[in-house]
file run_14.pdb (PDB, C-alpha atoms)
MODEL        1
ATOM      1  CA  MET A   1      23.976  -3.414  -9.442
ATOM      2  CA  GLU A   2      22.631  -0.005 -10.393
ATOM      3  CA  LEU A   3      20.383   1.584  -7.801
ATOM      4  CA  THR A   4      16.870   2.638  -8.741
ATOM      5  CA  ASP A   5      15.753   6.248  -8.405
ATOM      6  CA  ALA A   6      13.856   5.287  -5.247
ATOM      7  CA  GLY A   7      17.025   3.719  -3.805
ATOM      8  CA  LEU A   8      19.028   6.855  -4.507
ATOM      9  CA  VAL A   9      16.318   9.030  -2.959
ATOM     10  CA  ALA A  10      16.417   6.811   0.145
ATOM     11  CA  ARG A  11      20.170   7.389   0.406
ATOM     12  CA  VAL A  12      19.682  11.129   0.165
ATOM     13  CA  LEU A  13      16.996  10.992   2.838
ATOM     14  CA  VAL A  14      18.826   8.740   5.280
ATOM     15  CA  ASP A  15      22.460   9.782   4.865
ATOM     16  CA  ASP A  16      22.077  13.182   3.182
ATOM     17  CA  ASP A  17      24.214  11.567   0.476
ATOM     18  CA  GLN A  18      24.963  14.260  -2.096
ATOM     19  CA  HIS A  19      26.723  11.763  -4.383
ATOM     20  CA  ALA A  20      23.448   9.833  -4.631
ATOM     21  CA  PHE A  21      21.679  13.051  -5.495
ATOM     22  CA  GLY A  22      24.396  13.731  -8.092
ATOM     23  CA  GLU A  23      23.536  10.407  -9.724
ATOM     24  CA  LEU A  24      19.882  11.428  -9.864
ATOM     25  CA  VAL A  25      20.886  14.713 -11.508
ATOM     26  CA  ARG A  26      23.045  12.856 -14.055
ATOM     27  CA  ARG A  27      20.157  10.525 -14.903
ATOM     28  CA  HIS A  28      17.530  13.221 -15.372
ATOM     29  CA  GLN A  29      19.465  16.296 -16.491
ATOM     30  CA  SER A  30      18.943  15.644 -20.183
ATOM     31  CA  THR A  31      15.156  15.331 -20.035
ATOM     32  CA  VAL A  32      14.743  18.225 -17.605
ATOM     33  CA  ARG A  33      16.981  20.547 -19.638
ATOM     34  CA  GLY A  34      15.359  19.387 -22.877
ATOM     35  CA  LEU A  35      11.877  20.074 -21.547
ATOM     36  CA  LEU A  36      12.890  23.528 -20.319
ATOM     37  CA  ARG A  37      14.589  24.363 -23.601
ATOM     38  CA  GLN A  38      11.340  23.767 -25.366
ATOM     39  CA  LEU A  39       9.199  25.488 -22.768
ATOM     40  CA  THR A  40      11.447  28.559 -22.966
ATOM     41  CA  ARG A  41      11.376  28.333 -26.771
ATOM     42  CA  GLY A  42      15.074  27.705 -27.157
ATOM     43  CA  ASP A  43      16.584  30.042 -24.584
ATOM     44  CA  LEU A  44      19.393  27.669 -23.584
ATOM     45  CA  ALA A  45      20.921  29.835 -20.855
ATOM     46  CA  LEU A  46      17.570  30.453 -19.195
ATOM     47  CA  ALA A  47      16.634  26.769 -19.540
ATOM     48  CA  ASP A  48      19.861  25.662 -17.827
ATOM     49  CA  ASP A  49      19.447  28.234 -15.045
ATOM     50  CA  LEU A  50      15.916  27.002 -14.436
ATOM     51  CA  ALA A  51      17.079  23.380 -14.557
ATOM     52  CA  GLN A  52      19.716  24.093 -11.895
ATOM     53  CA  ASP A  53      17.125  25.871  -9.807
ATOM     54  CA  ALA A  54      14.751  22.905 -10.197
ATOM     55  CA  PHE A  55      17.361  20.366  -9.065
ATOM     56  CA  VAL A  56      18.430  22.466  -6.080
ATOM     57  CA  ARG A  57      14.780  22.884  -5.126
ATOM     58  CA  ALA A  58      14.234  19.146  -5.513
ATOM     59  CA  TYR A  59      17.154  18.483  -3.150
ATOM     60  CA  LYS A  60      15.844  20.903  -0.539
ATOM     61  CA  ASN A  61      12.335  19.451  -0.720
ATOM     62  CA  ILE A  62      13.218  15.798  -1.173
ATOM     63  CA  ARG A  63      11.397  14.903   2.049
ATOM     64  CA  GLY A  64       8.231  15.912   0.219
ATOM     65  CA  PHE A  65       8.743  13.036  -2.243
ATOM     66  CA  ARG A  66       6.526  10.280  -0.874
ATOM     67  CA  GLY A  67       7.109   7.742  -3.605
ATOM     68  CA  GLU A  68       3.454   7.774  -4.710
ATOM     69  CA  ALA A  69       4.503   8.848  -8.206
ATOM     70  CA  LYS A  70       7.709   8.197 -10.146
ATOM     71  CA  PHE A  71      10.668  10.370  -9.154
ATOM     72  CA  SER A  72      10.758  11.771 -12.698
ATOM     73  CA  THR A  73       7.106  12.872 -12.471
ATOM     74  CA  TRP A  74       7.787  14.613  -9.159
ATOM     75  CA  LEU A  75      10.857  16.255 -10.672
ATOM     76  CA  TYR A  76       8.906  17.418 -13.752
ATOM     77  CA  ARG A  77       6.401  19.045 -11.441
ATOM     78  CA  ILE A  78       9.123  21.028  -9.684
ATOM     79  CA  THR A  79      10.664  21.855 -13.055
ATOM     80  CA  TYR A  80       7.374  23.093 -14.433
ATOM     81  CA  ASN A  81       6.755  25.185 -11.301
ATOM     82  CA  CYS A  82      10.196  26.785 -11.691
ATOM     83  CA  PHE A  83       9.413  27.604 -15.289
ATOM     84  CA  ARG A  84       5.951  28.957 -14.449
ATOM     85  CA  GLU A  85       7.228  31.200 -11.664
ATOM     86  CA  ASP A  86       9.947  32.558 -13.907
ATOM     87  CA  ALA A  87       7.506  33.060 -16.789
ATOM     88  CA  ARG A  88       5.210  34.990 -14.469
ATOM     89  CA  LYS A  89       8.097  37.233 -13.482
ATOM     90  CA  ARG A  90       9.049  37.765 -17.086
ATOM     91  CA  LYS A  91       5.422  37.901 -18.205
ATOM     92  CA  GLU A  92       6.169  35.380 -20.950
ATOM     93  CA  LEU A  93       8.776  37.628 -22.537
ATOM     94  CA  VAL A  94      10.821  34.597 -23.409
ATOM     95  CA  GLY A  95      12.465  35.070 -26.771
ATOM     96  CA  ILE A  96      13.040  32.400 -29.400
ATOM     97  CA  ASN A  97      16.690  31.764 -30.081
ATOM     98  CA  LYS A  98      16.141  29.478 -33.037
ATOM     99  CA  GLU A  99      19.686  29.515 -34.402
ATOM    100  CA  GLN A 100      21.240  28.431 -31.114
ATOM    101  CA  TRP A 101      18.474  25.911 -30.597
ATOM    102  CA  GLN A 102      18.931  24.352 -33.998
ATOM    103  CA  ALA A 103      22.734  24.270 -33.587
ATOM    104  CA  GLU A 104      22.358  22.195 -30.412
ATOM    105  CA  LEU A 105      20.291  19.506 -32.090
ATOM    106  CA  ASP A 106      21.806  16.444 -33.647
ATOM    107  CA  PRO A 107      21.248  16.533 -37.424
ATOM    108  CA  GLN A 108      21.714  12.746 -37.734
ATOM    109  CA  THR A 109      18.368  11.553 -36.409
ATOM    110  CA  VAL A 110      15.746  13.842 -37.924
ATOM    111  CA  ASP A 111      15.666  15.735 -41.180
ATOM    112  CA  PRO A 112      16.853  19.276 -40.292
ATOM    113  CA  GLY A 113      14.004  20.775 -42.294
ATOM    114  CA  LEU A 114      11.426  18.683 -40.474
ATOM    115  CA  ARG A 115      13.029  19.473 -37.135
ATOM    116  CA  HIS A 116      12.968  23.164 -37.907
ATOM    117  CA  ASP A 117       9.285  23.020 -38.801
ATOM    118  CA  LEU A 118       8.505  20.837 -35.781
ATOM    119  CA  MET A 119      10.245  23.197 -33.364
ATOM    120  CA  HIS A 120       8.628  26.172 -35.004
ATOM    121  CA  ALA A 121       5.198  24.542 -34.832
ATOM    122  CA  LEU A 122       5.789  23.677 -31.159
ATOM    123  CA  SER A 123       6.863  27.212 -30.314
ATOM    124  CA  LEU A 124       3.669  28.549 -31.874
ATOM    125  CA  LEU A 125       1.465  26.470 -29.590
ATOM    126  CA  PRO A 126       0.053  28.248 -26.560
ATOM    127  CA  LEU A 127       1.895  27.372 -23.364
ATOM    128  CA  HIS A 128      -0.809  25.064 -21.933
ATOM    129  CA  GLU A 129      -0.944  22.973 -25.123
ATOM    130  CA  ARG A 130       2.851  23.008 -25.595
ATOM    131  CA  SER A 131       3.440  21.789 -22.026
ATOM    132  CA  ALA A 132       0.881  18.999 -22.354
ATOM    133  CA  VAL A 133       2.225  17.843 -25.736
ATOM    134  CA  LEU A 134       5.843  17.931 -24.539
ATOM    135  CA  LEU A 135       5.105  15.943 -21.390
ATOM    136  CA  CYS A 136       2.808  13.344 -22.957
ATOM    137  CA  CYS A 137       4.070  12.944 -26.524
ATOM    138  CA  GLN A 138       7.757  13.692 -26.117
ATOM    139  CA  ASN A 139       8.553  12.616 -22.563
ATOM    140  CA  GLY A 140       6.131   9.699 -22.435
ATOM    141  CA  LEU A 141       4.122  10.703 -19.370
ATOM    142  CA  SER A 142       0.589   9.371 -19.059
ATOM    143  CA  HIS A 143      -2.257  11.886 -19.073
ATOM    144  CA  ASP A 144      -2.677  11.277 -15.368
ATOM    145  CA  GLU A 145       0.983  11.970 -14.632
ATOM    146  CA  ALA A 146       0.912  15.100 -16.777
ATOM    147  CA  ALA A 147      -2.159  16.305 -14.879
ATOM    148  CA  ARG A 148      -0.210  15.968 -11.641
ATOM    149  CA  VAL A 149       2.803  17.796 -13.064
ATOM    150  CA  LEU A 150       0.760  20.646 -14.514
ATOM    151  CA  GLU A 151      -1.678  20.704 -11.592
ATOM    152  CA  ILE A 152      -4.705  20.773 -13.867
ATOM    153  CA  PRO A 153      -7.654  18.365 -14.273
ATOM    154  CA  LEU A 154      -7.142  15.176 -16.274
ATOM    155  CA  GLY A 155      -9.777  16.160 -18.816
ATOM    156  CA  THR A 156      -8.015  19.464 -19.475
ATOM    157  CA  VAL A 157      -4.748  17.633 -20.147
ATOM    158  CA  LYS A 158      -6.462  15.341 -22.640
ATOM    159  CA  THR A 159      -8.047  18.311 -24.401
ATOM    160  CA  ASN A 160      -4.761  20.220 -24.506
ATOM    161  CA  VAL A 161      -2.871  17.230 -25.908
ATOM    162  CA  LEU A 162      -5.567  16.627 -28.522
ATOM    163  CA  ARG A 163      -5.671  20.259 -29.631
ATOM    164  CA  GLY A 164      -1.887  20.589 -29.604
ATOM    165  CA  ARG A 165      -1.520  17.419 -31.662
ATOM    166  CA  GLU A 166      -4.124  18.608 -34.170
ATOM    167  CA  LYS A 167      -2.304  21.899 -34.655
ATOM    168  CA  LEU A 168       1.061  20.180 -35.035
ATOM    169  CA  LYS A 169      -0.394  17.714 -37.532
ATOM    170  CA  LYS A 170      -1.857  20.524 -39.606
ATOM    171  CA  THR A 171       1.439  22.412 -39.639
ATOM    172  CA  LEU A 172       3.447  19.290 -40.440
ATOM    173  CA  ALA A 173       0.980  17.753 -42.879
ATOM    174  CA  VAL A 174       3.400  18.149 -45.757
ATOM    175  CA  TRP A 175       6.011  16.005 -43.958
ATOM    176  CA  ALA A 176       3.632  13.207 -43.025
ATOM    177  CA  HIS A 177       3.002  12.119 -46.624
TER
ATOM    178  CA  MET B   1      -2.476   7.581 -43.399
ATOM    179  CA  SER B   2      -4.694   6.478 -40.517
ATOM    180  CA  GLU B   3      -5.233   8.584 -37.426
ATOM    181  CA  GLU B   4      -3.267   6.218 -35.182
ATOM    182  CA  ILE B   5      -0.282   5.934 -37.519
ATOM    183  CA  GLU B   6      -0.229   9.707 -37.882
ATOM    184  CA  GLN B   7      -0.249  10.086 -34.103
ATOM    185  CA  ASP B   8       2.596   7.569 -33.702
ATOM    186  CA  TRP B   9       4.571   9.354 -36.407
ATOM    187  CA  LEU B  10       4.166  12.682 -34.645
ATOM    188  CA  ASP B  11       5.137  11.284 -31.233
ATOM    189  CA  ARG B  12       8.169   9.542 -32.737
ATOM    190  CA  LYS B  13       9.338  12.690 -34.461
ATOM    191  CA  LEU B  14       8.851  14.702 -31.282
ATOM    192  CA  GLN B  15      10.928  12.166 -29.354
ATOM    193  CA  GLU B  16      13.637  12.147 -32.005
ATOM    194  CA  ALA B  17      13.738  15.930 -31.961
ATOM    195  CA  ALA B  18      14.784  15.797 -28.311
ATOM    196  CA  PRO B  19      18.229  14.198 -28.404
ATOM    197  CA  TYR B  20      20.275  13.371 -25.306
ATOM    198  CA  ILE B  21      21.880  16.494 -23.880
ATOM    199  CA  GLU B  22      25.455  15.903 -22.708
ATOM    200  CA  ASP B  23      26.095  16.717 -19.067
ATOM    201  CA  ASP B  24      29.096  19.031 -19.750
ATOM    202  CA  GLY B  25      29.597  19.896 -16.087
ATOM    203  CA  PHE B  26      25.916  20.550 -15.393
ATOM    204  CA  THR B  27      25.737  18.014 -12.546
ATOM    205  CA  ALA B  28      28.875  19.459 -10.954
ATOM    206  CA  ARG B  29      27.375  22.957 -11.072
ATOM    207  CA  VAL B  30      24.180  21.715  -9.411
ATOM    208  CA  LEU B  31      26.148  19.923  -6.685
ATOM    209  CA  GLN B  32      28.107  23.110  -5.978
ATOM    210  CA  GLN B  33      24.853  24.949  -5.373
ATOM    211  CA  LEU B  34      23.479  22.428  -2.898
ATOM    212  CA  PRO B  35      23.410  23.526   0.742
ATOM    213  CA  VAL B  36      26.233  22.065   2.822
ATOM    214  CA  ALA B  37      25.193  18.755   4.333
ATOM    215  CA  GLN B  38      24.402  19.303   7.987
ATOM    216  CA  MET B  39      25.810  17.005  10.645
ATOM    217  CA  ARG B  40      22.954  14.646  11.279
ATOM    218  CA  TRP B  41      22.111  12.683  14.384
ATOM    219  CA  GLN B  42      23.242   9.414  12.806
ATOM    220  CA  PHE B  43      26.862  10.570  12.976
ATOM    221  CA  LEU B  44      26.429  11.223  16.705
ATOM    222  CA  ARG B  45      24.711   7.880  17.324
ATOM    223  CA  PRO B  46      27.899   5.800  17.983
ATOM    224  CA  LEU B  47      29.317   8.557  20.153
ATOM    225  CA  ILE B  48      26.153   8.656  22.233
ATOM    226  CA  LEU B  49      26.104   4.846  22.604
ATOM    227  CA  VAL B  50      29.758   4.654  23.673
ATOM    228  CA  GLY B  51      29.314   7.607  26.032
ATOM    229  CA  MET B  52      26.198   6.117  27.659
ATOM    230  CA  SER B  53      27.931   2.737  28.052
ATOM    231  CA  ALA B  54      30.965   4.338  29.671
ATOM    232  CA  PHE B  55      28.741   6.374  31.982
ATOM    233  CA  ALA B  56      26.683   3.301  32.968
ATOM    234  CA  SER B  57      29.863   1.312  33.664
ATOM    235  CA  ALA B  58      31.297   4.080  35.802
ATOM    236  CA  LEU B  59      28.029   4.443  37.716
ATOM    237  CA  THR B  60      27.832   0.686  38.344
ATOM    238  CA  TYR B  61      31.441   0.625  39.516
ATOM    239  CA  VAL B  62      30.858   3.455  41.956
ATOM    240  CA  LEU B  63      27.495   2.197  43.279
ATOM    241  CA  SER B  64      28.773  -1.365  43.754
ATOM    242  CA  ASP B  65      31.607  -0.270  45.954
ATOM    243  CA  GLY B  66      34.298  -0.818  43.381
ATOM    244  CA  GLY B  67      32.811  -4.020  41.948
ATOM    245  CA  ARG B  68      32.934  -5.736  45.261
ATOM    246  CA  PHE B  69      29.784  -7.754  44.495
ATOM    247  CA  LEU B  70      31.737  -9.618  41.825
ATOM    248  CA  LEU B  71      34.239 -10.889  44.374
ATOM    249  CA  VAL B  72      31.414 -11.891  46.674
ATOM    250  CA  GLU B  73      29.645 -13.858  43.938
ATOM    251  CA  MET B  74      32.909 -15.546  42.899
ATOM    252  CA  PHE B  75      33.460 -16.583  46.463
ATOM    253  CA  LYS B  76      29.938 -18.017  46.646
ATOM    254  CA  LEU B  77      30.621 -20.086  43.523
ATOM    255  CA  THR B  78      33.648 -21.696  45.133
ATOM    256  CA  THR B  79      31.450 -22.935  47.971
ATOM    257  CA  ILE B  80      29.002 -24.801  45.692
ATOM    258  CA  PRO B  81      29.189 -28.613  46.144
ATOM    259  CA  THR B  82      31.127 -30.467  43.429
ATOM    260  CA  LEU B  83      28.112 -32.610  42.520
ATOM    261  CA  TRP B  84      26.115 -29.483  41.700
ATOM    262  CA  VAL B  85      28.898 -28.192  39.453
ATOM    263  CA  VAL B  86      29.029 -31.524  37.568
ATOM    264  CA  ALA B  87      25.224 -31.590  37.177
ATOM    265  CA  PHE B  88      25.205 -27.992  35.945
ATOM    266  CA  ALA B  89      27.967 -28.708  33.375
ATOM    267  CA  LEU B  90      26.139 -31.836  32.164
ATOM    268  CA  ALA B  91      22.825 -29.968  31.791
ATOM    269  CA  SER B  92      24.524 -27.125  29.917
ATOM    270  CA  GLY B  93      26.252 -29.561  27.572
ATOM    271  CA  MET B  94      23.004 -31.376  26.794
ATOM    272  CA  LEU B  95      21.185 -28.103  26.202
ATOM    273  CA  VAL B  96      23.838 -26.918  23.720
ATOM    274  CA  MET B  97      23.828 -30.311  21.970
ATOM    275  CA  ALA B  98      20.021 -30.273  21.667
ATOM    276  CA  GLY B  99      20.205 -26.765  20.188
ATOM    277  CA  GLY B 100      22.814 -27.900  17.662
ATOM    278  CA  ILE B 101      20.796 -30.932  16.594
ATOM    279  CA  PHE B 102      17.649 -28.825  16.216
ATOM    280  CA  ALA B 103      19.508 -26.260  14.071
ATOM    281  CA  ALA B 104      21.019 -28.991  11.869
ATOM    282  CA  MET B 105      17.640 -30.662  11.387
ATOM    283  CA  SER B 106      15.868 -27.435  10.461
ATOM    284  CA  LYS B 107      18.654 -26.587   7.976
ATOM    285  CA  THR B 108      18.360 -30.029   6.356
ATOM    286  CA  THR B 109      14.585 -29.614   6.033
ATOM    287  CA  HIS B 110      15.139 -26.173   4.470
ATOM    288  CA  PHE B 111      17.553 -27.595   1.855
ATOM    289  CA  GLN B 112      15.270 -30.532   1.061
ATOM    290  CA  SER B 113      12.320 -28.200   0.450
TER
ENDMDL
END
call {"tool": "encode", "arguments": {"input": "run_14.pdb", "output": "structure tokens"}}
result
Amino acid sequence: MELTDAGLVARVLVDDDQHAFGELVRRHQSTVRGLLRQLTRGDLALADDLAQDAFVRAYKNIRGFRGEAKFSTWLYRITYNCFREDARKRKELVGINKEQWQAELDPQTVDPGLRHDLMHALSLLPLHERSAVLLCCQNGLSHDEAARVLEIPLGTVKTNVLRGREKLKKTLAVWAH
Amino acid sequence: MSEEIEQDWLDRKLQEAAPYIEDDGFTARVLQQLPVAQMRWQFLRPLILVGMSAFASALTYVLSDGGRFLLVEMFKLTTIPTLWVVAFALASGMLVMAGGIFAAMSKTTHFQS
């Protein structure tokens, strides 16, 4: 039977089991890397470096995970902190590598034109709205969970999601009809 | 298109625009960067238990004059009257039998419920 995230965390805590932590990395690497790719506006190398940093930090601080929230929410928080610290260092000088970003995406599921416009519209959103939209609309976190990840009040998250959504809808209006 | 349908459409498209990213050695790279697992107390636990047991046995052996008390107690047992030995064996047997019956009965009740 497959262990839950909480079970794997318990193994890491009790036995310092790095294989169990490896399983956690395998389970969450796609969402964490995907989130960072979009937060860094398509800088794949930077996103992967930050993702590695986030997982290593999660391992070192795993005793701080008290199980009050889902493991993924806790991990997103660390991931977002890694991104924020790096962005502060770089003063948001993160470039948009659209060609590489587009090449990585699977053309089977979404119309490439729509995807291009969607990614472009996302990259134009200010960071606070982009983060809230990505966490709530793309990664399925509740507003409450997103507030914990972003360390901002619940009301602010709701406002950011609403505004971000409105802007995306306006930009993508032509695709919605 | 209603507000709700529009919202669902947007969320769905956002989710579809984030396909699964193949691992491609990412997990292995993370595991290489993890600090080396330190030897924790739980690995020393059996060693400590065995060591303490050995030490306690040695101490008992030394303090009891080479286990002499065992010989003394054995000798005392041989002097017990035969009737006492028979009574003790009978009582022990009955006690074990009562325990067995009780266990069987509680198991039967458990299965019936």
call {"tool": "residues_around", "arguments": {"input": "run_14.pdb", "residues": "B:Leu14", "least_positions_apart": "5", "cutoff": "12 Å", "atoms": "all atoms listed in the file", "output": "PyMOL selection string"}}
result
(chain A and resi 34-35+38+109-110+114-119+121-122+130+133-140+165+168-169+172) or (chain B and resi 7-9+19)
call {"tool": "interface_residues", "arguments": {"input": "run_14.pdb", "of": "chain B", "to": "chain A", "cutoff": "6 Å", "atoms": "only C-alpha atoms", "output": "count of residues only"}}
result
8
call {"tool": "atom_distance", "arguments": {"input": "run_14.pdb", "atom1": "atom CA of A:Glu85", "atom2": "atom CA of A:Ile152"}}
result
16.0 Å
call {"tool": "atom_distance", "arguments": {"input": "run_14.pdb", "atom1": "atom CA of A:Arg84", "atom2": "atom CA of A:Leu39"}}
result
9.6 Å
call {"tool": "residues_around", "arguments": {"input": "run_14.pdb", "residues": "A:Trp74", "least_positions_apart": "3", "cutoff": "9 Å", "atoms": "all atoms listed in the file", "output": "JSON, numbers by chain"}}
result
{"A": [58, 65, 67, 69, 70, 71, 77, 78, 79, 148, 149]}
call {"tool": "write_last_selection", "arguments": {"input": "run_14.pdb", "atoms": "C-alpha atoms", "output": "short mmCIF file (atom, residue, chain, number, x, y, z; two decimals), in the frame of the given file"}}
result
data_model
loop_
_atom_site.label_atom_id
_atom_site.label_comp_id
_atom_site.auth_asym_id
_atom_site.auth_seq_id
_atom_site.Cartn_x
_atom_site.Cartn_y
_atom_site.Cartn_z
CA ALA A 58 14.23 19.15 -5.51
CA PHE A 65 8.74 13.04 -2.24
CA GLY A 67 7.11 7.74 -3.60
CA ALA A 69 4.50 8.85 -8.21
CA LYS A 70 7.71 8.20 -10.15
CA PHE A 71 10.67 10.37 -9.15
CA ARG A 77 6.40 19.05 -11.44
CA ILE A 78 9.12 21.03 -9.68
CA THR A 79 10.66 21.86 -13.06
CA ARG A 148 -0.21 15.97 -11.64
CA VAL A 149 2.80 17.80 -13.06
#
call {"tool": "axis_aligned_box", "arguments": {"input": "run_14.pdb", "around": "stretch 19-26 of chain B", "padding_each_side": "4 Å", "output": "AutoDock Vina command-line options"}}
result
--center_x 23.9 --center_y 17.0 --center_z -21.9 --size_x 19.4 --size_y 15.2 --size_z 21.0
call {"tool": "atom_distance", "arguments": {"input": "run_14.pdb", "atom1": "atom CA of B:Phe43", "atom2": "atom CA of A:Glu2"}}
result
26.0 Å
call {"tool": "closest_residue", "arguments": {"input": "run_14.pdb", "among": "A:Glu68, A:Glu145, A:Asp43, A:Asp86", "to": "A:Ala6", "atoms": "only C-alpha atoms"}}
result
A:Glu68
